[in-house]
file target_1.json (JSON, C-alpha atoms)
[["chain", "number", "residue", "atom", "x", "y", "z"],
["A", 1, "MET", "CA", 76.79, -62.28, 141.24],
["A", 2, "PHE", "CA", 76.58, -58.65, 142.38],
["A", 3, "GLU", "CA", 79.96, -57.13, 141.60],
["A", 4, "LYS", "CA", 81.94, -54.48, 143.39],
["A", 5, "ILE", "CA", 84.11, -52.36, 141.08],
["A", 6, "ILE", "CA", 86.78, -49.99, 142.39],
["A", 7, "ILE", "CA", 87.93, -47.34, 139.91],
["A", 8, "ALA", "CA", 91.47, -46.43, 140.93],
["A", 9, "PRO", "CA", 93.94, -45.35, 138.22],
["A", 10, "SER", "CA", 97.53, -46.54, 138.82],
["A", 11, "ALA", "CA", 96.46, -48.87, 141.64],
["A", 12, "ASN", "CA", 97.97, -52.37, 141.62],
["A", 13, "GLU", "CA", 94.96, -54.70, 141.55],
["A", 14, "ALA", "CA", 96.80, -57.83, 142.67],
["A", 15, "GLU", "CA", 98.51, -55.99, 145.53],
["A", 16, "LEU", "CA", 95.27, -54.39, 146.73],
["A", 17, "LEU", "CA", 93.36, -57.69, 146.64],
["A", 18, "ARG", "CA", 96.16, -59.47, 148.50],
["A", 19, "THR", "CA", 96.20, -56.75, 151.15],
["A", 20, "LEU", "CA", 92.43, -57.00, 151.58],
["A", 21, "ALA", "CA", 92.79, -60.76, 152.03],
["A", 22, "VAL", "CA", 95.43, -60.22, 154.74],
["A", 23, "PHE", "CA", 92.88, -58.09, 156.61],
["A", 24, "ASN", "CA", 90.22, -60.82, 156.17],
["A", 25, "ILE", "CA", 88.15, -58.68, 153.81],
["A", 26, "ASN", "CA", 86.14, -60.70, 151.29],
["A", 27, "SER", "CA", 87.29, -59.87, 147.77],
["A", 28, "LEU", "CA", 85.00, -62.28, 145.91],
["A", 29, "GLY", "CA", 83.45, -60.46, 142.96],
["A", 30, "LEU", "CA", 85.70, -57.43, 143.52],
["A", 31, "ARG", "CA", 87.45, -55.80, 140.56],
["A", 32, "VAL", "CA", 90.00, -52.97, 140.55],
["A", 33, "MET", "CA", 90.48, -51.04, 137.31],
["A", 34, "ASP", "CA", 91.24, -47.65, 135.82],
["A", 35, "GLY", "CA", 88.91, -45.57, 133.65],
["A", 36, "VAL", "CA", 89.95, -47.22, 130.37],
["A", 37, "LYS", "CA", 89.52, -50.76, 131.70],
["A", 38, "PHE", "CA", 86.15, -49.74, 133.14],
["A", 39, "ALA", "CA", 85.13, -48.43, 129.72],
["A", 40, "GLU", "CA", 86.20, -51.69, 128.03],
["A", 41, "TYR", "CA", 84.37, -53.74, 130.66],
["A", 42, "SER", "CA", 81.21, -51.65, 130.33],
["A", 43, "LEU", "CA", 81.18, -52.10, 126.54],
["A", 44, "MET", "CA", 81.76, -55.83, 126.89],
["A", 45, "ARG", "CA", 78.89, -56.16, 129.40],
["A", 46, "SER", "CA", 76.71, -54.22, 126.96],
["A", 47, "GLY", "CA", 77.49, -56.64, 124.13],
["A", 48, "ILE", "CA", 79.42, -54.00, 122.16],
["A", 49, "ALA", "CA", 82.61, -55.25, 120.52],
["A", 50, "VAL", "CA", 85.63, -52.98, 120.15],
["A", 51, "THR", "CA", 87.03, -53.90, 116.75],
["A", 52, "GLU", "CA", 89.93, -51.43, 116.80],
["A", 53, "LYS", "CA", 93.31, -52.19, 118.34],
["A", 54, "TYR", "CA", 93.99, -50.31, 121.57],
["A", 55, "ALA", "CA", 96.61, -47.55, 121.26],
["A", 56, "ASP", "CA", 98.52, -47.22, 124.53],
["A", 57, "SER", "CA", 100.74, -44.27, 125.43],
["A", 58, "SER", "CA", 103.73, -45.61, 123.47],
["A", 59, "ILE", "CA", 101.69, -46.03, 120.29],
["A", 60, "GLN", "CA", 100.18, -42.57, 120.74],
["A", 61, "SER", "CA", 103.65, -41.03, 121.11],
["A", 62, "ALA", "CA", 104.88, -42.89, 118.02],
["A", 63, "LEU", "CA", 101.95, -41.62, 115.96],
["A", 64, "ILE", "CA", 102.51, -38.05, 117.09],
["A", 65, "TYR", "CA", 106.27, -38.31, 116.46],
["A", 66, "ASN", "CA", 105.53, -39.24, 112.83],
["A", 67, "ILE", "CA", 103.07, -36.34, 112.57],
["A", 68, "ILE", "CA", 105.12, -33.47, 114.01],
["A", 69, "SER", "CA", 107.93, -33.83, 111.48],
["A", 70, "ASP", "CA", 105.61, -32.24, 108.88],
["A", 71, "ILE", "CA", 104.64, -29.28, 111.09],
["A", 72, "PRO", "CA", 107.10, -26.33, 111.03],
["A", 73, "GLN", "CA", 106.83, -25.51, 114.74],
["A", 74, "PHE", "CA", 107.74, -29.08, 115.70],
["A", 75, "MET", "CA", 110.07, -30.18, 112.89],
["A", 76, "SER", "CA", 113.14, -30.31, 115.15],
["A", 77, "SER", "CA", 111.32, -32.03, 118.03],
["A", 78, "SER", "CA", 112.56, -35.27, 119.56],
["A", 79, "PHE", "CA", 110.61, -38.35, 120.60],
["A", 80, "VAL", "CA", 110.55, -37.03, 124.17],
["A", 81, "ASP", "CA", 108.84, -33.90, 122.82],
["A", 82, "ALA", "CA", 106.30, -36.14, 121.10],
["A", 83, "GLN", "CA", 105.63, -37.87, 124.42],
["A", 84, "ASN", "CA", 105.09, -34.48, 126.09],
["A", 85, "ILE", "CA", 102.75, -33.32, 123.31],
["A", 86, "SER", "CA", 100.81, -36.58, 123.61],
["A", 87, "ALA", "CA", 100.48, -36.14, 127.38],
["A", 88, "THR", "CA", 99.37, -32.51, 126.94],
["A", 89, "LEU", "CA", 96.69, -33.43, 124.41],
["A", 90, "ASN", "CA", 95.46, -36.29, 126.60],
["A", 91, "THR", "CA", 95.20, -33.96, 129.58],
["A", 92, "ALA", "CA", 93.26, -31.38, 127.58],
["A", 93, "ARG", "CA", 90.97, -34.00, 126.05],
["A", 94, "SER", "CA", 90.26, -35.61, 129.44],
["A", 95, "LEU", "CA", 88.83, -32.28, 130.67],
["A", 96, "ILE", "CA", 86.16, -32.29, 127.93],
["A", 97, "LEU", "CA", 82.96, -34.23, 128.52],
["A", 98, "GLU", "CA", 81.32, -34.06, 125.08],
["A", 99, "ASN", "CA", 81.94, -32.58, 121.60],
["A", 100, "GLU", "CA", 85.68, -33.01, 122.05],
["A", 101, "SER", "CA", 86.85, -31.78, 118.65],
["A", 102, "GLU", "CA", 84.64, -28.68, 118.60],
["A", 103, "ILE", "CA", 85.50, -27.59, 122.14],
["A", 104, "LEU", "CA", 89.21, -28.26, 121.73],
["A", 105, "HIS", "CA", 89.35, -26.29, 118.48],
["A", 106, "ASN", "CA", 87.46, -23.35, 120.00],
["A", 107, "ASN", "CA", 89.57, -23.18, 123.15],
["A", 108, "LEU", "CA", 92.92, -23.51, 121.37],
["A", 109, "SER", "CA", 91.92, -20.99, 118.69],
["A", 110, "ASN", "CA", 91.38, -18.40, 121.41],
["A", 111, "GLY", "CA", 94.76, -19.07, 123.01],
["A", 112, "GLU", "CA", 97.40, -16.46, 123.81],
["A", 113, "PHE", "CA", 99.84, -17.78, 121.19],
["A", 114, "PRO", "CA", 97.86, -18.34, 117.97],
["A", 115, "ASP", "CA", 100.72, -19.86, 115.93],
["A", 116, "ASN", "CA", 101.53, -22.48, 118.55],
["A", 117, "SER", "CA", 97.83, -23.17, 119.11],
["A", 118, "ALA", "CA", 97.30, -23.66, 115.39],
["A", 119, "ALA", "CA", 100.22, -26.10, 115.28],
["A", 120, "LEU", "CA", 98.79, -28.06, 118.21],
["A", 121, "ILE", "CA", 95.38, -28.18, 116.52],
["A", 122, "ALA", "CA", 97.05, -29.54, 113.39],
["A", 123, "VAL", "CA", 98.77, -32.26, 115.45],
["A", 124, "TYR", "CA", 95.46, -33.17, 117.09],
["A", 125, "ASP", "CA", 93.57, -33.39, 113.79],
["A", 126, "LYS", "CA", 96.24, -35.51, 112.14],
["A", 127, "TYR", "CA", 96.48, -37.71, 115.24],
["A", 128, "ILE", "CA", 92.74, -38.44, 115.21],
["A", 129, "ASP", "CA", 92.93, -39.15, 111.47],
["A", 130, "SER", "CA", 95.86, -41.52, 112.06],
["A", 131, "LEU", "CA", 93.93, -43.45, 114.68],
["A", 132, "PHE", "CA", 91.04, -43.88, 112.24],
["A", 133, "SER", "CA", 93.21, -44.87, 109.28],
["A", 134, "GLU", "CA", 95.26, -47.34, 111.35],
["A", 135, "LYS", "CA", 92.08, -48.79, 112.93],
["A", 136, "LEU", "CA", 93.23, -47.80, 116.41],
["A", 137, "ILE", "CA", 91.41, -46.41, 119.43],
["A", 138, "ASP", "CA", 92.96, -44.65, 122.41],
["A", 139, "GLY", "CA", 91.84, -44.57, 126.01],
["A", 140, "ILE", "CA", 89.88, -41.33, 125.88],
["A", 141, "GLN", "CA", 87.99, -42.50, 122.79],
["A", 142, "LEU", "CA", 87.13, -45.73, 124.61],
["A", 143, "ILE", "CA", 85.83, -43.76, 127.58],
["A", 144, "ARG", "CA", 83.66, -41.59, 125.32],
["A", 145, "ARG", "CA", 82.33, -44.59, 123.40],
["A", 146, "ALA", "CA", 81.38, -46.35, 126.61],
["A", 147, "ALA", "CA", 79.72, -43.21, 128.00],
["A", 148, "GLU", "CA", 77.65, -42.84, 124.83],
["A", 149, "ASN", "CA", 76.73, -46.47, 124.17],
["A", 150, "ALA", "CA", 77.15, -48.75, 127.20],
["A", 151, "VAL", "CA", 74.16, -49.68, 129.34],
["A", 152, "THR", "CA", 73.88, -49.12, 133.08],
["A", 153, "LEU", "CA", 75.78, -51.70, 135.12],
["A", 154, "ASN", "CA", 74.19, -53.45, 138.07],
["A", 155, "ALA", "CA", 77.26, -53.15, 140.27],
["A", 156, "ASP", "CA", 78.56, -51.36, 143.33],
["A", 157, "VAL", "CA", 80.91, -48.78, 141.79],
["A", 158, "ILE", "CA", 83.42, -47.15, 144.13],
["A", 159, "ILE", "CA", 85.90, -44.33, 143.57],
["A", 160, "LEU", "CA", 88.68, -43.59, 146.04],
["A", 161, "GLU", "CA", 89.70, -40.16, 147.31],
["A", 162, "GLU", "CA", 93.37, -41.16, 147.12],
["A", 163, "PHE", "CA", 93.14, -41.87, 143.37],
["A", 164, "PRO", "CA", 91.77, -38.72, 141.66],
["A", 165, "LEU", "CA", 89.91, -39.17, 138.38],
["A", 166, "THR", "CA", 89.69, -36.96, 135.30],
["A", 167, "PRO", "CA", 86.40, -35.23, 134.42],
["A", 168, "ALA", "CA", 85.98, -37.65, 131.48],
["A", 169, "GLU", "CA", 86.36, -40.67, 133.80],
["A", 170, "LEU", "CA", 83.90, -39.20, 136.30],
["A", 171, "TYR", "CA", 81.45, -38.53, 133.46],
["A", 172, "LEU", "CA", 81.70, -42.17, 132.37],
["A", 173, "ILE", "CA", 81.24, -43.50, 135.91],
["A", 174, "ASN", "CA", 78.22, -41.28, 136.48],
["A", 175, "LYS", "CA", 76.59, -42.47, 133.23],
["A", 176, "ILE", "CA", 77.33, -46.18, 133.65],
["A", 177, "SER", "CA", 76.29, -46.28, 137.31],
["A", 178, "ASN", "CA", 73.30, -43.98, 136.70],
["A", 179, "GLY", "CA", 74.74, -41.69, 139.36],
["A", 180, "ASN", "CA", 74.78, -44.46, 141.96],
["A", 181, "TYR", "CA", 78.45, -44.66, 142.82],
["A", 182, "ARG", "CA", 80.21, -44.30, 146.15],
["A", 183, "LYS", "CA", 83.18, -42.15, 147.09],
["A", 184, "MET", "CA", 85.32, -43.32, 149.97],
["A", 185, "HIS", "CA", 88.84, -43.36, 151.40],
["A", 186, "ILE", "CA", 91.05, -46.38, 150.82],
["A", 187, "TYR", "CA", 91.23, -47.19, 154.53],
["A", 188, "GLU", "CA", 87.46, -47.64, 154.56],
["A", 189, "LEU", "CA", 87.87, -50.68, 152.31],
["A", 190, "PHE", "CA", 89.54, -52.33, 155.29],
["A", 191, "SER", "CA", 86.66, -51.41, 157.63],
["A", 192, "SER", "CA", 89.02, -49.06, 159.41],
["A", 193, "SER", "CA", 88.65, -45.51, 160.60],
["A", 194, "GLY", "CA", 90.99, -42.70, 159.66],
["A", 195, "LYS", "CA", 92.82, -42.76, 162.97],
["A", 196, "SER", "CA", 96.56, -42.30, 162.99],
["A", 197, "LEU", "CA", 98.75, -45.40, 163.03],
["A", 198, "ASP", "CA", 101.54, -46.20, 165.44],
["A", 199, "ASN", "CA", 105.15, -47.09, 164.64],
["A", 200, "ILE", "CA", 105.40, -45.05, 161.43],
["A", 201, "ASN", "CA", 108.49, -43.03, 160.61],
["A", 202, "ILE", "CA", 108.61, -40.59, 157.70],
["A", 203, "THR", "CA", 112.00, -39.91, 156.16],
["A", 204, "ALA", "CA", 113.03, -37.13, 153.80],
["A", 205, "ALA", "CA", 116.64, -36.45, 152.86],
["A", 206, "TYR", "CA", 118.74, -34.85, 150.16],
["A", 207, "GLY", "CA", 118.84, -37.65, 147.60],
["A", 208, "GLU", "CA", 116.80, -40.85, 147.48],
["A", 209, "ILE", "CA", 119.79, -43.10, 148.17],
["A", 210, "ASN", "CA", 120.42, -41.29, 151.48],
["A", 211, "GLU", "CA", 116.80, -41.91, 152.50],
["A", 212, "ILE", "CA", 117.10, -45.64, 151.79],
["A", 213, "GLU", "CA", 120.41, -45.93, 153.64],
["A", 214, "TYR", "CA", 118.90, -44.17, 156.65],
["A", 215, "ILE", "CA", 115.87, -46.47, 156.64],
["A", 216, "ILE", "CA", 118.00, -49.63, 156.51],
["A", 217, "SER", "CA", 120.26, -48.28, 159.26],
["A", 218, "HIS", "CA", 117.25, -47.44, 161.43],
["A", 219, "ILE", "CA", 115.88, -50.97, 161.08],
["A", 220, "TYR", "CA", 119.14, -52.65, 162.14],
["A", 221, "GLU", "CA", 120.16, -50.15, 164.83],
["A", 222, "ASN", "CA", 116.80, -50.60, 166.57],
["A", 223, "GLY", "CA", 116.78, -54.38, 166.25],
["A", 224, "LEU", "CA", 113.53, -54.44, 164.27],
["A", 225, "SER", "CA", 112.37, -57.69, 162.73],
["A", 226, "LEU", "CA", 112.60, -57.55, 158.94],
["A", 227, "ASP", "CA", 109.34, -59.50, 158.62],
["A", 228, "THR", "CA", 107.45, -56.71, 160.38],
["A", 229, "CYS", "CA", 108.92, -53.79, 158.39],
["A", 230, "THR", "CA", 107.25, -52.22, 155.37],
["A", 231, "ILE", "CA", 108.88, -49.43, 153.35],
["A", 232, "ALA", "CA", 106.21, -47.30, 151.67],
["A", 233, "ILE", "CA", 107.72, -45.24, 148.85],
["A", 234, "THR", "CA", 106.50, -42.20, 146.97],
["A", 235, "ASP", "CA", 108.03, -42.96, 143.57],
["A", 236, "THR", "CA", 108.02, -46.53, 142.23],
["A", 237, "SER", "CA", 110.23, -45.56, 139.29],
["A", 238, "LYS", "CA", 113.24, -44.65, 141.46],
["A", 239, "TYR", "CA", 113.21, -46.14, 144.95],
["A", 240, "PRO", "CA", 112.89, -49.89, 144.14],
["A", 241, "GLN", "CA", 116.16, -49.84, 142.21],
["A", 242, "PHE", "CA", 118.01, -48.14, 145.09],
["A", 243, "ILE", "CA", 116.50, -50.53, 147.64],
["A", 244, "SER", "CA", 117.43, -53.52, 145.48],
["A", 245, "GLU", "CA", 121.05, -52.40, 145.14],
["A", 246, "ILE", "CA", 121.48, -51.85, 148.88],
["A", 247, "ALA", "CA", 119.68, -55.12, 149.70],
["A", 248, "ASN", "CA", 122.01, -57.02, 147.36],
["A", 249, "GLN", "CA", 125.07, -55.27, 148.76],
["A", 250, "TYR", "CA", 124.28, -56.23, 152.38],
["A", 251, "GLU", "CA", 122.41, -59.49, 151.60],
["A", 252, "ILE", "CA", 119.15, -58.25, 153.06],
["A", 253, "PRO", "CA", 116.11, -60.45, 152.27],
["A", 254, "ILE", "CA", 113.37, -58.28, 150.79],
["A", 255, "THR", "CA", 110.26, -58.54, 148.58],
["A", 256, "PHE", "CA", 108.89, -55.87, 146.25],
["A", 257, "GLY", "CA", 105.17, -55.26, 145.88],
["A", 258, "CYS", "CA", 105.73, -52.77, 143.05],
["A", 259, "GLY", "CA", 108.16, -54.89, 141.03],
["A", 260, "LEU", "CA", 111.64, -54.13, 139.72],
["A", 261, "PRO", "CA", 112.89, -52.90, 136.33],
["A", 262, "ILE", "CA", 113.52, -55.69, 133.82],
["A", 263, "SER", "CA", 117.10, -54.43, 133.50],
["A", 264, "ASN", "CA", 117.85, -56.19, 136.81],
["A", 265, "ALA", "CA", 117.25, -59.60, 135.25],
["A", 266, "TYR", "CA", 120.25, -61.63, 134.08],
["A", 267, "PRO", "CA", 118.98, -61.91, 130.47],
["A", 268, "ALA", "CA", 118.71, -58.12, 130.25],
["A", 269, "GLN", "CA", 122.18, -57.66, 131.73],
["A", 270, "LEU", "CA", 123.66, -60.24, 129.35],
["A", 271, "LEU", "CA", 122.02, -58.49, 126.41],
["A", 272, "ARG", "CA", 123.65, -55.22, 127.52],
["A", 273, "TYR", "CA", 127.09, -56.88, 127.74],
["A", 274, "TYR", "CA", 126.58, -58.42, 124.30],
["A", 275, "TYR", "CA", 125.54, -55.05, 122.85],
["A", 276, "ASP", "CA", 128.60, -53.38, 124.36],
["A", 277, "TRP", "CA", 130.86, -56.12, 122.97],
["A", 278, "LYS", "CA", 129.44, -55.78, 119.46],
["A", 279, "ASN", "CA", 129.44, -51.97, 119.43],
["A", 280, "ILE", "CA", 131.57, -49.91, 121.78],
["A", 281, "GLY", "CA", 133.86, -52.95, 122.41],
["A", 282, "TYR", "CA", 134.46, -53.59, 118.70],
["A", 283, "CYS", "CA", 134.27, -57.38, 119.34],
["A", 284, "ALA", "CA", 137.59, -57.15, 121.20],
["A", 285, "THR", "CA", 138.96, -59.36, 123.98],
["A", 286, "ASP", "CA", 138.36, -57.01, 126.93],
["A", 287, "ALA", "CA", 134.65, -56.61, 126.18],
["A", 288, "LEU", "CA", 134.31, -60.35, 125.54],
["A", 289, "ASN", "CA", 135.95, -61.21, 128.87],
["A", 290, "LYS", "CA", 133.70, -58.71, 130.64],
["A", 291, "MET", "CA", 130.67, -60.51, 129.22],
["A", 292, "ILE", "CA", 131.88, -64.10, 129.79],
["A", 293, "PHE", "CA", 133.09, -63.54, 133.36],
["A", 294, "SER", "CA", 130.04, -61.53, 134.48],
["A", 295, "ILE", "CA", 127.60, -62.99, 136.99],
["A", 296, "CYS", "CA", 124.86, -63.22, 134.37],
["A", 297, "PHE", "CA", 126.84, -65.55, 132.07],
["A", 298, "ASP", "CA", 126.61, -69.29, 132.81],
["A", 299, "ARG", "CA", 130.12, -70.55, 132.02],
["A", 300, "ASN", "CA", 129.30, -74.14, 133.02],
["A", 301, "ILE", "CA", 126.76, -74.43, 130.21],
["A", 302, "LEU", "CA", 129.31, -72.94, 127.82],
["A", 303, "LEU", "CA", 131.88, -75.55, 128.82],
["A", 304, "GLU", "CA", 129.35, -78.38, 128.50],
["A", 305, "THR", "CA", 128.41, -77.18, 125.03]]
call {"tool": "encode", "arguments": {"input": "target_1.json", "output": "structure tokens"}}
result
Amino acid sequence: MFEKIIIAPSANEAELLRTLAVFNINSLGLRVMDGVKFAEYSLMRSGIAVTEKYADSSIQSALIYNIISDIPQFMSSSFVDAQNISATLNTARSLILENESEILHNNLSNGEFPDNSAALIAVYDKYIDSLFSEKLIDGIQLIRRAAENAVTLNADVIILEEFPLTPAELYLINKISNGNYRKMHIYELFSSSGKSLDNINITAAYGEINEIEYIISHIYENGLSLDTCTIAITDTSKYPQFISEIANQYEIPITFGCGLPISNAYPAQLLRYYYDWKNIGYCATDALNKMIFSICFDRNILLET
């Protein structure tokens, strides 16, 4: 089967495929993936096994956090600093197409602040050594391996204007597709033109919670049907929580295409109550009552037991 592969970092594959189905667009043989998944898939299709364990961003940050404690410039750094250093190195590495180590060393050595550059080079060298010794491989290494070793795929490869790619990802796509990839806008997937849409309101206010309250008020004041309303948000890490809290407060039925934090689940809430009881509550009565009489605690099962 001739495949169609969309390379779109941070896109939700299930949500995009469902939306295409709603618009009666055939999604048979269609895959949506980011650059790392595309690299893994290309290697698999080429019969090349990846024997190392994949190091995601959390593992990368943990490795760097262990490394920086031995480097004077970073000895007092926190785990958040390690995450920032990891992100900085990944950004710099993703700009390099080939000869990563040599180019990175040369560019950092000629930096404006030689001491800081030398410290960053030391972190990079030790990080790469740690990946090798722990038999790990990160996303950029996977992309480079696929670009160097994978064969050309017989597939329709598409990149979207709304999901920008790094130079390393573009280099991989160009190699694997032999330069035969398409660039298009996301609305073209739905066989639609770029004309403006009707019945769209854009809201910006001081504070995200004020925006959500205004949107809910607008829906009810204008008698709009909830089934026909879609709230498109700009930050999936903040807005869903606010929307969920307001929806629960006013008993508004709502579904979330981007998901909700696990902390909203009853097991997570119960674990927090239990932690508070054991620690800041000193196993006392008040903290115990707060846990037992919370909504996430099933008292009927306790009584049956």
call {"tool": "closest_residue", "arguments": {"input": "target_1.json", "among": "A:Ile231, A:Ala150, A:Ile215, A:Val80", "to": "Lys175 in chain A", "atoms": "all atoms listed in the file"}}
result
A:Ala150
call {"tool": "residues_around", "arguments": {"input": "target_1.json", "residues": "range 54-67 of chain A", "least_positions_apart": "6", "cutoff": "8 Å", "atoms": "only C-alpha atoms", "output": "MDAnalysis selection string"}}
result
chainID A and resid 78:79 82:83 85:86 123 126:127 130 136:139
call {"tool": "atom_distance", "arguments": {"input": "target_1.json", "atom1": "CA of Lys238 in chain A", "atom2": "CA of Glu208 in chain A"}}
result
8.0 Å
call {"tool": "residues_around", "arguments": {"input": "target_1.json", "residues": "Thr234 in chain A", "least_positions_apart": "4", "cutoff": "12 Å", "atoms": "all atoms listed in the file", "output": "list in words"}}
result
Ile202, Thr203, Ala204, Glu208, Glu211, Lys238, Tyr239, Pro240 and Cys258 of chain A
call {"tool": "residues_around", "arguments": {"input": "target_1.json", "residues": "Tyr181 in chain A", "least_positions_apart": "2", "cutoff": "9 Å", "atoms": "all atoms listed in the file", "output": "list in words"}}
result
Ala155, Asp156, Val157, Ile158, Ile159, Ile173, Asn174, Ser177, Asn178, Gly179 and Lys183 of chain A
call {"tool": "residues_around", "arguments": {"input": "target_1.json", "residues": "Val36 in chain A", "least_positions_apart": "3", "cutoff": "12 Å", "atoms": "all atoms listed in the file", "output": "MDAnalysis selection string"}}
result
chainID A and resid 7:10 32:33 39:43 54:56 94 137:147 165:166 168:170 172:173
call {"tool": "closest_residue", "arguments": {"input": "target_1.json", "among": "A:Asp235, A:Ala49, A:Arg272, A:Leu189", "to": "Leu30 in chain A", "atoms": "all atoms listed in the file"}}
result
A:Leu189
call {"tool": "atom_distance", "arguments": {"input": "target_1.json", "atom1": "CA of Lys4 in chain A", "atom2": "CA of Leu160 in chain A"}}
result
13.1 Å
call {"tool": "closest_residue", "arguments": {"input": "target_1.json", "among": "A:Pro164, A:Ile68, A:Tyr250, A:Thr51", "to": "Lys135 in chain A", "atoms": "only C-alpha atoms"}}
result
A:Thr51
call {"tool": "atom_distance", "arguments": {"input": "target_1.json", "atom1": "CA of Thr285 in chain A", "atom2": "CA of Ala268 in chain A"}}
result
21.2 Å
call {"tool": "axis_aligned_box", "arguments": {"input": "target_1.json", "around": "range 11-23 of chain A", "padding_each_side": "6 Å", "output": "lines of an AutoDock Vina configuration file"}}
result
center_x = 95.5
center_y = -54.8
center_z = 149.1
size_x = 18.1
size_y = 23.9
size_z = 27.1
